[in-house]
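Participant: Please see the structure below; I have some questions.
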Amino acid sequence: MKLQRVLQYAQFLLKETVRPGDIVVDATAGNGYDTAFLAQLAGNEGHVYAFDVQQQAISSTEERVREAGLENRVTAILDGHEHVAKHVLKPVQAAIFNLGYLPGSDHKIITTPSTTLKAIQDLLQLLNVGGMIILVVYHGHHGGKEERDALIEYVSTLPQKYIHVLRYEFINQKNDPPFIIALEKVKEMA
C-alpha cells in the first residue's frame with residue numbers, strides 16, 4: 001500500500017461516504033473540481049450545492065460541470081459557506097472545504113475562521129449519521145495559520161460520542177503542506 005496524497009485521500013473518503021441519490025456540499029467551489037467529482041458520486045438522483053463568494057469561481061464551476069454533462073446535478077450559489085443552512089434544507093451526506101484562497105485569483109480573498117466555523121456547525125446539524133465533512137486545510141498564506149488554529153481548537157472539543165475527528169497529514173514536508181481534518185458523524189447529537 002502507498003500513502004495517499006492529501007487530495008487523493010480526500011477523494012477516497014468521499015468515495016467511501018457518498019452514494020447515488022445523496023445530497024452533498026462543496027463549501028468552497030473554487031474551480032469546480034470537487035463539485036464535478038461530487039456530482040459524479042451523487043448520480044442523477046443526488047444533488048450538489050456548491051458555494052463560493054467569487055463570481056469567477058461560480059462561473060468556472062458552472063462551466064466545468066456543464067462540460068462534464070453534470071449541470072442538472074449541481075446548484076452553484078454565489079454566497080459564503082456560512083449561509084449553507086439558508087440554501088440547503090435537506091439532510092447532507094458529505095461536505096468538502098478547500099480552505100485558503102482560489103488559485104489564480106486575488107490572494108486577499110480567503111476563507112476565515114468565523115465563516116468556516118459557522119459553516120461547519122450548521123453542516124454538523126444537517127449531516128446524516130455516517131456522513132462526513134472533509135476540510136483540506138491550506139495554511140501557508142496570510143491568515144491561514146489563524147484559521148488552522150481556530151479549526152483545530154474547535155474540532156478538538158467535539159464530543160467523540162457523536163463526532164469522530166481525524167487529522168491526516170505528512171509531518172516531514174516543508175513549506176506548510178496542506179492537511180485534512182475529517183469529521184464523521186457517528187450518532188445524532190443531542
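Chain labels A, B, ... are given in the sequence in which chains occur in the C-alpha cells; within each chain residues are numbered consecutively from 1, and ligands are likewise numbered from 1 in the order shown.
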Need to verify the contact set: Ile120 of chain A, 9 Å, only C-alpha atoms, exclusion of same-chain residues closer than 5 positions in sequence. Can you return it as a VMD selection string?

Facilitator: chain A and resid 81 to 82 115 125 133

Participant: Using N, CA and C atoms, can you export the residues from the last selection as a PDB file, in the first residue's frame?

Facilitator:
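Done, and the output landed in result_13.pdb:
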ATOM      1  N   HIS A  81     -20.077  30.146   2.472  1.00  0.00           N
ATOM      2  CA  HIS A  81     -20.492  28.852   3.026  1.00  0.00           C
ATOM      3  C   HIS A  81     -21.114  28.987   4.414  1.00  0.00           C
ATOM      4  N   GLU A  82     -20.911  30.119   5.074  1.00  0.00           N
ATOM      5  CA  GLU A  82     -21.542  30.323   6.381  1.00  0.00           C
ATOM      6  C   GLU A  82     -23.057  30.430   6.272  1.00  0.00           C
ATOM      7  N   THR A 115     -16.356  32.413   9.421  1.00  0.00           N
ATOM      8  CA  THR A 115     -17.296  31.869   8.435  1.00  0.00           C
ATOM      9  C   THR A 115     -17.162  30.351   8.310  1.00  0.00           C
ATOM     10  N   GLN A 125     -25.250  19.929  11.919  1.00  0.00           N
ATOM     11  CA  GLN A 125     -26.681  19.768  12.190  1.00  0.00           C
ATOM     12  C   GLN A 125     -27.397  19.108  11.009  1.00  0.00           C
ATOM     13  N   ILE A 133     -17.684  15.444   6.915  1.00  0.00           N
ATOM     14  CA  ILE A 133     -17.226  16.758   6.486  1.00  0.00           C
ATOM     15  C   ILE A 133     -15.708  16.673   6.364  1.00  0.00           C
TER      16      ILE A 133
END

Participant: Near Glu169 of chain A, counting only C-alpha atoms, which residues have an atom at most 8 Å away, once you skip same-chain residues fewer than 6 positions from it, shown as a list in words?

Facilitator: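 The neighbour list is Val6, Pro178, Phe179 and Ile180 of chain A.
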
Participant: Those same residues - N, CA, C and O atoms - I'd like them written as an mmCIF file, in the first residue's frame.

Facilitator:
data_model
loop_
_atom_site.group_PDB
_atom_site.id
_atom_site.type_symbol
_atom_site.label_atom_id
_atom_site.label_comp_id
_atom_site.auth_asym_id
_atom_site.auth_seq_id
_atom_site.Cartn_x
_atom_site.Cartn_y
_atom_site.Cartn_z
ATOM 1 N N VAL A 6 -2.760 14.191 0.021
ATOM 2 C CA VAL A 6 -3.894 14.787 0.730
ATOM 3 C C VAL A 6 -5.157 14.814 -0.133
ATOM 4 O O VAL A 6 -6.224 14.397 0.308
ATOM 5 N N PRO A 178 -0.520 21.199 3.022
ATOM 6 C CA PRO A 178 -1.914 21.078 3.451
ATOM 7 C C PRO A 178 -2.137 19.762 4.194
ATOM 8 O O PRO A 178 -1.368 18.813 4.046
ATOM 9 N N PHE A 179 -3.193 19.742 4.988
ATOM 10 C CA PHE A 179 -3.575 18.517 5.678
ATOM 11 C C PHE A 179 -5.097 18.437 5.701
ATOM 12 O O PHE A 179 -5.794 19.385 5.346
ATOM 13 N N ILE A 180 -5.590 17.286 6.114
ATOM 14 C CA ILE A 180 -7.036 17.043 6.159
ATOM 15 C C ILE A 180 -7.500 16.928 7.599
ATOM 16 O O ILE A 180 -6.842 16.296 8.427
#

Participant: Rank A:Thr28, A:Thr75, A:Gln93, A:Thr61 by their smallest atom-to-atom distance to Ile110 of chain A, using only C-alpha atoms, and report the top residue only.

Facilitator: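 Nearest to Ile110 of chain A: A:Thr28.
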
Participant: I'd like the neighbourhood of Glu147 of chain A as a PDB file with all heavy atoms, in the first residue's frame, where a residue qualifies if any of its atoms comes within 12 Å (using only C-alpha atoms), though same-chain residues fewer than 5 positions away should be ignored.

Facilitator:
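The new file out_8.pdb reads:
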ATOM      1  N   LEU A  99      -9.760  25.086   2.128  1.00  0.00           N
ATOM      2  CA  LEU A  99      -9.607  26.372   2.799  1.00  0.00           C
ATOM      3  C   LEU A  99      -8.397  27.135   2.254  1.00  0.00           C
ATOM      4  O   LEU A  99      -7.416  26.548   1.846  1.00  0.00           O
ATOM      5  CB  LEU A  99      -9.483  26.152   4.306  1.00  0.00           C
ATOM      6  CG  LEU A  99     -10.670  25.424   4.922  1.00  0.00           C
ATOM      7  CD1 LEU A  99     -10.412  25.157   6.391  1.00  0.00           C
ATOM      8  CD2 LEU A  99     -11.957  26.205   4.728  1.00  0.00           C
ATOM      9  N   GLY A 100      -8.518  28.449   2.285  1.00  0.00           N
ATOM     10  CA  GLY A 100      -7.438  29.297   1.792  1.00  0.00           C
ATOM     11  C   GLY A 100      -7.980  30.288   0.787  1.00  0.00           C
ATOM     12  O   GLY A 100      -8.936  31.001   1.065  1.00  0.00           O
ATOM     13  N   ILE A 110      -9.864  35.244   1.166  1.00  0.00           N
ATOM     14  CA  ILE A 110      -9.556  33.958   1.790  1.00  0.00           C
ATOM     15  C   ILE A 110     -10.723  33.505   2.666  1.00  0.00           C
ATOM     16  O   ILE A 110     -11.581  34.291   3.033  1.00  0.00           O
ATOM     17  CB  ILE A 110      -8.275  34.056   2.661  1.00  0.00           C
ATOM     18  CG1 ILE A 110      -8.444  35.099   3.775  1.00  0.00           C
ATOM     19  CG2 ILE A 110      -7.049  34.353   1.806  1.00  0.00           C
ATOM     20  CD1 ILE A 110      -7.306  35.139   4.790  1.00  0.00           C
ATOM     21  N   THR A 111     -10.703  32.223   2.974  1.00  0.00           N
ATOM     22  CA  THR A 111     -11.649  31.721   3.965  1.00  0.00           C
ATOM     23  C   THR A 111     -11.192  32.216   5.339  1.00  0.00           C
ATOM     24  O   THR A 111     -10.007  32.466   5.559  1.00  0.00           O
ATOM     25  CB  THR A 111     -11.716  30.188   3.935  1.00  0.00           C
ATOM     26  OG1 THR A 111     -10.405  29.651   4.119  1.00  0.00           O
ATOM     27  CG2 THR A 111     -12.302  29.685   2.622  1.00  0.00           C
ATOM     28  N   THR A 112     -12.140  32.368   6.252  1.00  0.00           N
ATOM     29  CA  THR A 112     -11.809  32.918   7.567  1.00  0.00           C
ATOM     30  C   THR A 112     -12.347  32.013   8.668  1.00  0.00           C
ATOM     31  O   THR A 112     -13.316  31.269   8.457  1.00  0.00           O
ATOM     32  CB  THR A 112     -12.411  34.329   7.742  1.00  0.00           C
ATOM     33  OG1 THR A 112     -13.836  34.229   7.694  1.00  0.00           O
ATOM     34  CG2 THR A 112     -11.911  35.293   6.666  1.00  0.00           C
ATOM     35  N   PRO A 113     -11.753  32.092   9.849  1.00  0.00           N
ATOM     36  CA  PRO A 113     -12.224  31.235  10.945  1.00  0.00           C
ATOM     37  C   PRO A 113     -13.710  31.396  11.250  1.00  0.00           C
ATOM     38  O   PRO A 113     -14.415  30.402  11.418  1.00  0.00           O
ATOM     39  CB  PRO A 113     -11.365  31.673  12.142  1.00  0.00           C
ATOM     40  CG  PRO A 113     -10.146  32.283  11.550  1.00  0.00           C
ATOM     41  CD  PRO A 113     -10.581  32.892  10.245  1.00  0.00           C
ATOM     42  N   SER A 114     -14.196  32.632  11.299  1.00  0.00           N
ATOM     43  CA  SER A 114     -15.588  32.830  11.710  1.00  0.00           C
ATOM     44  C   SER A 114     -16.569  32.218  10.714  1.00  0.00           C
ATOM     45  O   SER A 114     -17.529  31.547  11.118  1.00  0.00           O
ATOM     46  CB  SER A 114     -15.889  34.311  11.920  1.00  0.00           C
ATOM     47  OG  SER A 114     -15.718  35.027  10.713  1.00  0.00           O
ATOM     48  N   THR A 115     -16.356  32.413   9.421  1.00  0.00           N
ATOM     49  CA  THR A 115     -17.296  31.869   8.435  1.00  0.00           C
ATOM     50  C   THR A 115     -17.162  30.351   8.310  1.00  0.00           C
ATOM     51  O   THR A 115     -18.158  29.646   8.196  1.00  0.00           O
ATOM     52  CB  THR A 115     -17.110  32.533   7.059  1.00  0.00           C
ATOM     53  OG1 THR A 115     -15.792  32.273   6.576  1.00  0.00           O
ATOM     54  CG2 THR A 115     -17.349  34.024   7.131  1.00  0.00           C
ATOM     55  N   THR A 116     -15.931  29.854   8.377  1.00  0.00           N
ATOM     56  CA  THR A 116     -15.725  28.415   8.261  1.00  0.00           C
ATOM     57  C   THR A 116     -16.323  27.682   9.452  1.00  0.00           C
ATOM     58  O   THR A 116     -17.002  26.662   9.285  1.00  0.00           O
ATOM     59  CB  THR A 116     -14.226  28.105   8.104  1.00  0.00           C
ATOM     60  OG1 THR A 116     -13.740  28.745   6.916  1.00  0.00           O
ATOM     61  CG2 THR A 116     -13.976  26.612   8.001  1.00  0.00           C
ATOM     62  N   LEU A 117     -16.098  28.184  10.652  1.00  0.00           N
ATOM     63  CA  LEU A 117     -16.655  27.523  11.839  1.00  0.00           C
ATOM     64  C   LEU A 117     -18.178  27.550  11.831  1.00  0.00           C
ATOM     65  O   LEU A 117     -18.819  26.555  12.194  1.00  0.00           O
ATOM     66  CB  LEU A 117     -16.101  28.158  13.115  1.00  0.00           C
ATOM     67  CG  LEU A 117     -14.614  27.914  13.371  1.00  0.00           C
ATOM     68  CD1 LEU A 117     -14.152  28.671  14.604  1.00  0.00           C
ATOM     69  CD2 LEU A 117     -14.307  26.433  13.499  1.00  0.00           C
ATOM     70  N   LEU A 135     -12.234  18.744   5.531  1.00  0.00           N
ATOM     71  CA  LEU A 135     -11.602  20.059   5.425  1.00  0.00           C
ATOM     72  C   LEU A 135     -10.165  19.868   4.944  1.00  0.00           C
ATOM     73  O   LEU A 135      -9.371  19.212   5.626  1.00  0.00           O
ATOM     74  CB  LEU A 135     -11.594  20.757   6.782  1.00  0.00           C
ATOM     75  CG  LEU A 135     -12.979  20.929   7.388  1.00  0.00           C
ATOM     76  CD1 LEU A 135     -13.032  20.353   8.777  1.00  0.00           C
ATOM     77  CD2 LEU A 135     -13.365  22.374   7.386  1.00  0.00           C
ATOM     78  N   VAL A 136      -9.868  20.388   3.761  1.00  0.00           N
ATOM     79  CA  VAL A 136      -8.488  20.395   3.280  1.00  0.00           C
ATOM     80  C   VAL A 136      -7.939  21.755   3.689  1.00  0.00           C
ATOM     81  O   VAL A 136      -8.401  22.788   3.201  1.00  0.00           O
ATOM     82  CB  VAL A 136      -8.396  20.167   1.759  1.00  0.00           C
ATOM     83  CG1 VAL A 136      -6.935  20.128   1.322  1.00  0.00           C
ATOM     84  CG2 VAL A 136      -9.116  18.875   1.360  1.00  0.00           C
ATOM     85  N   VAL A 137      -7.002  21.731   4.621  1.00  0.00           N
ATOM     86  CA  VAL A 137      -6.526  22.951   5.268  1.00  0.00           C
ATOM     87  C   VAL A 137      -5.220  23.410   4.637  1.00  0.00           C
ATOM     88  O   VAL A 137      -4.173  22.809   4.847  1.00  0.00           O
ATOM     89  CB  VAL A 137      -6.342  22.732   6.786  1.00  0.00           C
ATOM     90  CG1 VAL A 137      -5.918  24.026   7.469  1.00  0.00           C
ATOM     91  CG2 VAL A 137      -7.615  22.171   7.412  1.00  0.00           C
ATOM     92  N   TYR A 138      -5.323  24.468   3.845  1.00  0.00           N
ATOM     93  CA  TYR A 138      -4.148  25.150   3.304  1.00  0.00           C
ATOM     94  C   TYR A 138      -3.887  26.317   4.251  1.00  0.00           C
ATOM     95  O   TYR A 138      -4.766  27.135   4.482  1.00  0.00           O
ATOM     96  CB  TYR A 138      -4.424  25.668   1.895  1.00  0.00           C
ATOM     97  CG  TYR A 138      -4.611  24.576   0.881  1.00  0.00           C
ATOM     98  CD1 TYR A 138      -5.867  24.045   0.621  1.00  0.00           C
ATOM     99  CD2 TYR A 138      -3.530  24.062   0.172  1.00  0.00           C
ATOM    100  CE1 TYR A 138      -6.053  23.036  -0.308  1.00  0.00           C
ATOM    101  CE2 TYR A 138      -3.698  23.049  -0.768  1.00  0.00           C
ATOM    102  CZ  TYR A 138      -4.963  22.541  -0.996  1.00  0.00           C
ATOM    103  OH  TYR A 138      -5.135  21.539  -1.920  1.00  0.00           O
ATOM    104  N   HIS A 139      -2.669  26.375   4.798  1.00  0.00           N
ATOM    105  CA  HIS A 139      -2.414  27.350   5.847  1.00  0.00           C
ATOM    106  C   HIS A 139      -1.119  28.139   5.653  1.00  0.00           C
ATOM    107  O   HIS A 139      -0.674  28.828   6.570  1.00  0.00           O
ATOM    108  CB  HIS A 139      -2.420  26.657   7.221  1.00  0.00           C
ATOM    109  CG  HIS A 139      -1.456  25.514   7.316  1.00  0.00           C
ATOM    110  ND1 HIS A 139      -0.247  25.620   7.959  1.00  0.00           N
ATOM    111  CD2 HIS A 139      -1.523  24.251   6.831  1.00  0.00           C
ATOM    112  CE1 HIS A 139       0.393  24.459   7.872  1.00  0.00           C
ATOM    113  NE2 HIS A 139      -0.363  23.613   7.191  1.00  0.00           N
ATOM    114  N   GLY A 140      -0.547  28.105   4.470  1.00  0.00           N
ATOM    115  CA  GLY A 140       0.712  28.791   4.220  1.00  0.00           C
ATOM    116  C   GLY A 140       0.567  30.240   3.811  1.00  0.00           C
ATOM    117  O   GLY A 140       1.557  30.924   3.578  1.00  0.00           O
ATOM    118  N   HIS A 141      -0.641  30.738   3.720  1.00  0.00           N
ATOM    119  CA  HIS A 141      -0.899  32.112   3.283  1.00  0.00           C
ATOM    120  C   HIS A 141      -1.210  33.009   4.485  1.00  0.00           C
ATOM    121  O   HIS A 141      -1.432  32.525   5.593  1.00  0.00           O
ATOM    122  CB  HIS A 141      -2.080  32.130   2.299  1.00  0.00           C
ATOM    123  CG  HIS A 141      -3.341  31.611   2.910  1.00  0.00           C
ATOM    124  ND1 HIS A 141      -3.561  30.260   3.108  1.00  0.00           N
ATOM    125  CD2 HIS A 141      -4.430  32.237   3.412  1.00  0.00           C
ATOM    126  CE1 HIS A 141      -4.741  30.093   3.690  1.00  0.00           C
ATOM    127  NE2 HIS A 141      -5.283  31.282   3.890  1.00  0.00           N
ATOM    128  N   HIS A 142      -1.254  34.301   4.230  1.00  0.00           N
ATOM    129  CA  HIS A 142      -1.607  35.266   5.271  1.00  0.00           C
ATOM    130  C   HIS A 142      -3.020  34.951   5.784  1.00  0.00           C
ATOM    131  O   HIS A 142      -3.962  34.868   5.009  1.00  0.00           O
ATOM    132  CB  HIS A 142      -1.549  36.693   4.720  1.00  0.00           C
ATOM    133  CG  HIS A 142      -1.963  37.736   5.706  1.00  0.00           C
ATOM    134  ND1 HIS A 142      -1.173  38.068   6.786  1.00  0.00           N
ATOM    135  CD2 HIS A 142      -3.091  38.481   5.806  1.00  0.00           C
ATOM    136  CE1 HIS A 142      -1.795  38.989   7.499  1.00  0.00           C
ATOM    137  NE2 HIS A 142      -2.957  39.260   6.933  1.00  0.00           N
ATOM    138  N   ILE A 152      -8.577  23.648  14.583  1.00  0.00           N
ATOM    139  CA  ILE A 152      -8.076  22.574  15.448  1.00  0.00           C
ATOM    140  C   ILE A 152      -8.636  22.726  16.851  1.00  0.00           C
ATOM    141  O   ILE A 152      -9.057  21.736  17.479  1.00  0.00           O
ATOM    142  CB  ILE A 152      -6.532  22.548  15.440  1.00  0.00           C
ATOM    143  CG1 ILE A 152      -6.041  22.085  14.055  1.00  0.00           C
ATOM    144  CG2 ILE A 152      -5.995  21.632  16.538  1.00  0.00           C
ATOM    145  CD1 ILE A 152      -4.558  22.264  13.831  1.00  0.00           C
ATOM    146  N   GLU A 153      -8.670  23.939  17.338  1.00  0.00           N
ATOM    147  CA  GLU A 153      -9.224  24.175  18.668  1.00  0.00           C
ATOM    148  C   GLU A 153     -10.694  23.755  18.722  1.00  0.00           C
ATOM    149  O   GLU A 153     -11.128  23.067  19.651  1.00  0.00           O
ATOM    150  CB  GLU A 153      -9.086  25.654  19.039  1.00  0.00           C
ATOM    151  CG  GLU A 153      -9.600  25.974  20.417  1.00  0.00           C
ATOM    152  CD  GLU A 153      -9.448  27.444  20.782  1.00  0.00           C
ATOM    153  OE1 GLU A 153      -8.611  28.143  20.178  1.00  0.00           O
ATOM    154  OE2 GLU A 153     -10.192  27.894  21.672  1.00  0.00           O
ATOM    155  N   TYR A 154     -11.478  24.129  17.704  1.00  0.00           N
ATOM    156  CA  TYR A 154     -12.912  23.799  17.694  1.00  0.00           C
ATOM    157  C   TYR A 154     -13.150  22.294  17.570  1.00  0.00           C
ATOM    158  O   TYR A 154     -13.887  21.711  18.372  1.00  0.00           O
ATOM    159  CB  TYR A 154     -13.620  24.547  16.559  1.00  0.00           C
ATOM    160  CG  TYR A 154     -15.039  24.085  16.376  1.00  0.00           C
ATOM    161  CD1 TYR A 154     -16.014  24.387  17.315  1.00  0.00           C
ATOM    162  CD2 TYR A 154     -15.406  23.302  15.289  1.00  0.00           C
ATOM    163  CE1 TYR A 154     -17.321  23.939  17.183  1.00  0.00           C
ATOM    164  CE2 TYR A 154     -16.706  22.848  15.136  1.00  0.00           C
ATOM    165  CZ  TYR A 154     -17.659  23.169  16.083  1.00  0.00           C
ATOM    166  OH  TYR A 154     -18.945  22.705  15.947  1.00  0.00           O
TER     167      TYR A 154
END

Participant: Write out as a ChimeraX atom specification all residues of segment 4-137 of chain A that backbone DSSP assigns to helix (DSSP H, G or I).

Facilitator: /A:6-17,33-42,55-67,71-73,81-87,113-126

Participant: Can you build me a table of segment 59-172 of chain A residues sitting at most 7 Å from segment 15-24 of chain A, with the closest atom pair per residue and its distance in Å to one decimal, using only C-alpha atoms, sorted by chain and residue number, as a Markdown table?

Facilitator:
| residue | atom | partner | partner_atom | distance |
| --- | --- | --- | --- | --- |
| A:Pro91 | CA | A:Ile23 | CA | 6.9 |
| A:Val92 | CA | A:Ile23 | CA | 5.0 |
| A:Gln93 | CA | A:Val24 | CA | 5.7 |
| A:Ala94 | CA | A:Val24 | CA | 5.0 |
| A:Ala95 | CA | A:Val24 | CA | 5.7 |
| A:Gly131 | CA | A:Thr17 | CA | 6.4 |
| A:Met132 | CA | A:Thr17 | CA | 6.9 |

Participant: Could you list, as a ChimeraX atom specification, every residue within 9 Å of Gly80 of chain A, counting only C-alpha atoms and ignoring same-chain residues fewer than 4 positions away?

Facilitator: /A:27-28,51-53,84,115,119

Participant: Report, in Å to a single decimal, how far apart atom CA of Ala29 of chain A and atom CA of Ala76 of chain A are.

Facilitator: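 Atom-to-atom, atom CA of Ala76 of chain A and atom CA of Ala29 of chain A are spaced 8.0 Å apart.
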
Participant: Report as a VMD selection string all protein, DNA and RNA residues lying within 12 Å of Ala190 of chain A, evaluated on only C-alpha atoms, omitting residues in the same chain fewer than 6 positions from it.

Facilitator: chain A and resid 124 to 125 159 161 to 163

Participant: For Lys187 of chain A, which residue among A:Asn44, A:Asn128, A:Gln11, A:Asn175 is the nearest when counting only C-alpha atoms?

Facilitator: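 Among A:Asn44, A:Asn128, A:Gln11, A:Asn175, it is A:Asn128 that comes nearest to Lys187 of chain A.
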
Participant: Can you tell me, as an mmCIF file with C-alpha atoms, in the first residue's frame, which residues in segment 149-178 of chain A count as strand (DSSP E) by DSSP?

Facilitator:
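Okay, result.cif is ready:
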data_model
loop_
_atom_site.group_PDB
_atom_site.id
_atom_site.type_symbol
_atom_site.label_atom_id
_atom_site.label_comp_id
_atom_site.auth_asym_id
_atom_site.auth_seq_id
_atom_site.Cartn_x
_atom_site.Cartn_y
_atom_site.Cartn_z
ATOM 1 C CA ILE A 163 -18.309 13.018 16.039
ATOM 2 C CA HIS A 164 -15.084 11.226 15.167
ATOM 3 C CA VAL A 165 -12.310 13.653 14.203
ATOM 4 C CA LEU A 166 -9.343 12.608 12.060
ATOM 5 C CA ARG A 167 -6.248 14.615 11.135
ATOM 6 C CA TYR A 168 -4.301 13.301 8.133
#

Participant: Select, from A:Ile171, A:Asp34, A:Lys108, A:Val25, the residue with the minimum atom-to-atom distance to Ala10 of chain A, counting only C-alpha atoms.

Facilitator: A:Asp34

Participant: If you count only C-alpha atoms, which residues fall within 8 Å of Ala57 of chain A, apart from same-chain ones fewer than 6 positions away, as an MDAnalysis selection string?

Facilitator: chainID A and resid 29:32 102

Participant: Deliver the residues from the most recent selection as a file, using N, CA and C atoms, as a PDB file, in the first residue's frame.

Facilitator:
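Now in out-v8.pdb:
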ATOM      1  N   ALA A  29     -16.353  26.184  -3.789  1.00  0.00           N
ATOM      2  CA  ALA A  29     -16.418  25.663  -5.163  1.00  0.00           C
ATOM      3  C   ALA A  29     -15.124  25.850  -5.947  1.00  0.00           C
ATOM      4  N   GLY A  30     -14.458  26.983  -5.770  1.00  0.00           N
ATOM      5  CA  GLY A  30     -13.186  27.192  -6.455  1.00  0.00           C
ATOM      6  C   GLY A  30     -13.311  27.026  -7.951  1.00  0.00           C
ATOM      7  N   ASN A  31     -12.506  26.143  -8.510  1.00  0.00           N
ATOM      8  CA  ASN A  31     -12.528  25.904  -9.962  1.00  0.00           C
ATOM      9  C   ASN A  31     -13.453  24.759 -10.359  1.00  0.00           C
ATOM     10  N   GLY A  32     -14.192  24.211  -9.394  1.00  0.00           N
ATOM     11  CA  GLY A  32     -15.223  23.229  -9.712  1.00  0.00           C
ATOM     12  C   GLY A  32     -14.798  21.777  -9.746  1.00  0.00           C
ATOM     13  N   LEU A 102      -8.607  31.067  -3.719  1.00  0.00           N
ATOM     14  CA  LEU A 102      -8.807  30.483  -5.038  1.00  0.00           C
ATOM     15  C   LEU A 102      -7.522  30.610  -5.847  1.00  0.00           C
TER      16      LEU A 102
END

Participant: Using only C-alpha atoms for the distances, tell me which of A:Leu7, A:Ile96, A:Ile109, A:Val155 is nearest to Ile134 of chain A.

Facilitator: A:Ile96
